[in-house]
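Novice: Structure provided below as C-alpha cells; questions to follow.
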Amino acid sequence: MDRDKTRRLSCTKLSEEQVAAAAARHELLYSGRAGGARAVFAFCDLSGLDLSARNLADADFTGADLEETNLAGARLDSASFFGASLKRANLAGASLRRADMRGTSLRGANLIGADLYEADLREGESTERDSSRPQNILQHHIGPSELPSALLASANLERAKLSGAIAMQADFTGAMMRDCKLSRANLRRAKLTGANLENADLRGCDLAGADLTGAILVGTKFDFASLDGTAVSGALTDAPAGRALSELPDTIEVMLAAHSRWAETAGREGQAADLSGVDLRSVKGLAHGVLTALIAPGAVFYGLDLTGARLQGAMLEGADLRGARLTGADLRGVNLRNAKLANAELRDVNLGPLLIANERLLPARLERADARYADFRGADMRQTILTEADLAYANLTGARLRAADFRGAMLQGIKLSLDAAVEAVFDETRFDLAAS
C-alpha cells in the first residue's frame, strides 16, 4: 500500500474545532495559566487545517499528517515532528528552533523566512499505527528527511542537522546555514545562491548542478562531494577576494594609522587611505577605529568587528559587510549603495545625515543594498535612503525613521514599530503599515 495512503488511513482525523481547542489549552499551559494541557497530535490527521500564528512550542506532532496545513508564523520551537508529513505545508516565518524533524517529509513545503536553528532533520523512523488497534505499529520506515522542491529562501538553518537529507531542487536562496551539518545530503540542482555556508559540513554531498553563486563558503568542508556542474561564481571562500593586502603601497597598519591622523587633523597630517576592492578579512583592531571618509568601494569586510568605528562619509559602495559587527558605529552620510549587509549587526548605529560644508546635509545611502536579517535595533536612520534595498526579515525595532526613504524596498518579514514607520516614506503597494 502507498505509504501516504497508509498514513492517512492510520491517522485519526481531527476537525478544525478540535485542533483549535487543543491549541488553546496548550497556549494556556505555556503561559502558566489554569486549564492548560500539552497539545498531543501524534498520529493525527491535521491536513489542510489552519494553525497559523499559534504557539505550539513543545507540542507533539509525531507521525502526524500535516499536508497542506497552514502553520505560517507559528511558534513550534522544540516541537516533535518525528516521522510527520508536512508536504506542501505553509511554514513561512514559523519558528522551529531545535524542533525534532527526523524522517519528516517537507516536499514542496514553504519555509521561507522560517527559523530552524539547531533543528534536527536527519534520518528518522517514520511510523504509522493500525487504526483498529492503536497500540500496534502498522508500518516501520527508516528514511531520510525529504525536502525536494521545498522553499527555504532566507530561512535560518544555523547549526541545523540535515545529514543524509534529500533536498533536490530545494531553494535555499540567502539562507543562513552557518555550521549546518549536510554530510551525504542530496542537493542536486538545489539553489543556494547567496546562502551563508560558513563552516558548514558538505562532505559527501551530491551538489551536481547546484547553484552556489555568491554564497559564503568560508571554512566549508567539501571532501568527497560531487560538484559536477556546480556554479560557484562570486562565492566568498578562504581564498583572497579582490586585492590582497600585499598589493597595497604600505602595510595596512601604517596606512590605517596615517588615515586616522589625516581624519583627526582635517587633512593637515597623515594621508587618506584608498582600500578599494581590498580583502580586509585578516585585519584586526578596526573596532572603534577612526575611518572617517575611508575610500573602500568593493572592499571585503566580511565578519569583521567594526564596533564603534567612525565611518562617517565613508565610500563603501558595493562593499561586503555580511555578518560584520557595527554596533554603535558612526555611519552618518556613508555610501553603502549596492553593499552586502546580510546578517550584519547594526544596533545603535548612526545612519543619520552628515553635516558638511555650507551647512549641507549628506544623507546615508543604502540604495539596492542587501540587508536581509540585518539588525538595526535602536539605529538612527533619519533621512536614510533605502530605496530598492532588500530588508527582508531585518529588525528595525526602536529605530528612528523620520524621513527615511523605503520606496521600492523589499520588506517581507521586517520588524518595526508603527510609531516610527509613520514618519518614514514607504511604497504603499509593497508595504501595508496597518498589518505591522
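Residues in the C-alpha cells are numbered from 1 in each chain, the chains being A, B, ... in the order shown, and ligands are numbered from 1 in the order shown.
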With a cut-off of 12 Å, could you pull out the residues of stretch 200-220 of chain A touching stretch 317-331 of chain A and give me the nearest pair of atoms for each, distance in Å to one decimal, using only C-alpha atoms, ordered by chain and ascending number, as CSV?
Specialist:
residue,atom,partner,partner_atom,distance
A:Gly214,CA,A:Asp320,CA,11.1
A:Ala215,CA,A:Arg322,CA,11.0
A:Ile216,CA,A:Arg322,CA,9.3
Novice: Those residues with N, CA, C and O atoms, as a PDB file, in the first residue's frame please?
Specialist:
ATOM      1  N   GLY A 214      27.543  33.401  -5.458  1.00  0.00           N
ATOM      2  CA  GLY A 214      27.526  34.416  -4.417  1.00  0.00           C
ATOM      3  C   GLY A 214      27.411  33.888  -3.001  1.00  0.00           C
ATOM      4  O   GLY A 214      27.232  34.669  -2.062  1.00  0.00           O
ATOM      5  N   ALA A 215      27.523  32.590  -2.809  1.00  0.00           N
ATOM      6  CA  ALA A 215      27.408  32.007  -1.467  1.00  0.00           C
ATOM      7  C   ALA A 215      28.671  32.258  -0.652  1.00  0.00           C
ATOM      8  O   ALA A 215      29.738  32.541  -1.199  1.00  0.00           O
ATOM      9  N   ILE A 216      28.538  32.162   0.670  1.00  0.00           N
ATOM     10  CA  ILE A 216      29.690  32.272   1.567  1.00  0.00           C
ATOM     11  C   ILE A 216      30.155  30.854   1.874  1.00  0.00           C
ATOM     12  O   ILE A 216      29.424  30.052   2.461  1.00  0.00           O
TER      13      ILE A 216
END
Novice: Skip A:Ala24 itself and residues of its chain fewer than 5 positions away, then list as an mmCIF file with C-alpha atoms, in the first residue's frame all residues within 10 Å of it, counting only C-alpha atoms.
Specialist:
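Contents of the output file result.cif:
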data_model
loop_
_atom_site.group_PDB
_atom_site.id
_atom_site.type_symbol
_atom_site.label_atom_id
_atom_site.label_comp_id
_atom_site.auth_asym_id
_atom_site.auth_seq_id
_atom_site.Cartn_x
_atom_site.Cartn_y
_atom_site.Cartn_z
ATOM 1 C CA GLN A 18 -10.865 20.068 17.950
ATOM 2 C CA VAL A 19 -7.447 21.308 16.903
ATOM 3 C CA LEU A 29 -0.240 25.755 29.684
ATOM 4 C CA TYR A 30 2.641 27.603 28.033
ATOM 5 C CA GLY A 35 -6.769 24.827 32.468
ATOM 6 C CA GLY A 36 -3.787 24.264 30.218
ATOM 7 C CA ALA A 37 -2.663 20.956 28.710
ATOM 8 C CA ARG A 38 0.092 19.978 26.275
ATOM 9 C CA ALA A 39 -1.108 19.537 22.693
ATOM 10 C CA ARG A 54 -0.414 29.673 17.134
ATOM 11 C CA ASN A 55 2.017 28.981 19.976
ATOM 12 C CA LEU A 56 2.593 25.224 19.823
#
Novice: Could you write out, as an NGL selection string, all the residues of stretch 255-298 of chain A that DSSP marks as strand (DSSP E or B)?
Specialist: :A and (274 or 278-279 or 290 or 295)
Novice: Which residues, written as a PyMOL selection string, have at least one atom at most 9 Å from stretch 179-193 of chain A, with only C-alpha atoms counted and residues fewer than 4 positions away on the same chain left out?
Specialist: chain A and resi 118+148-149+153+157-175+197-215+220+222+225+230+232+235
Novice: Which value, in Å to one decimal, gives the distance between atom CA of A:Ala263 and atom CA of A:Leu291?
Specialist: 7.4 Å
Novice: Excluding A:Leu351 and residues on its chain fewer than 6 positions from it, collect all residues at most 8 Å away from it, counting only C-alpha atoms, and give them as a list of chain:residue names.
Specialist: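 Those residues are A:Asp330, A:Leu331, A:Arg332, A:Gly333, A:Val334, A:Pro363, A:Ala364, A:Ala379, A:Asp380, A:Met381, A:Arg382, A:Thr384.
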Novice: Which residue out of A:Pro240, A:Pro249, A:Gly289, A:Gly194 has the minimum interatomic distance to A:Gly277 when only C-alpha atoms are used?
Specialist: A:Pro240
Novice: One decimal, in Å: what's the spacing between atom CA of A:Phe406 and atom CA of A:Glu359?
Specialist: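 Atom CA of A:Glu359 lies 25.2 Å from atom CA of A:Phe406.
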Novice: Considering only helix (DSSP H, G or I) as DSSP defines it on the backbone, what residues of stretch 89-316 of chain A qualify? List them as a list in words.
Specialist: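 After running DSSP on the backbone, stretch 89-316 of chain A has helix (DSSP H, G or I) at Leu245, Ser246, Glu247, Ile252, Glu253, Val254, Met255, Leu256, Ala257, Ala258, His259, Ser260, Arg261, Trp262, Ala263 and Glu264 of chain A.
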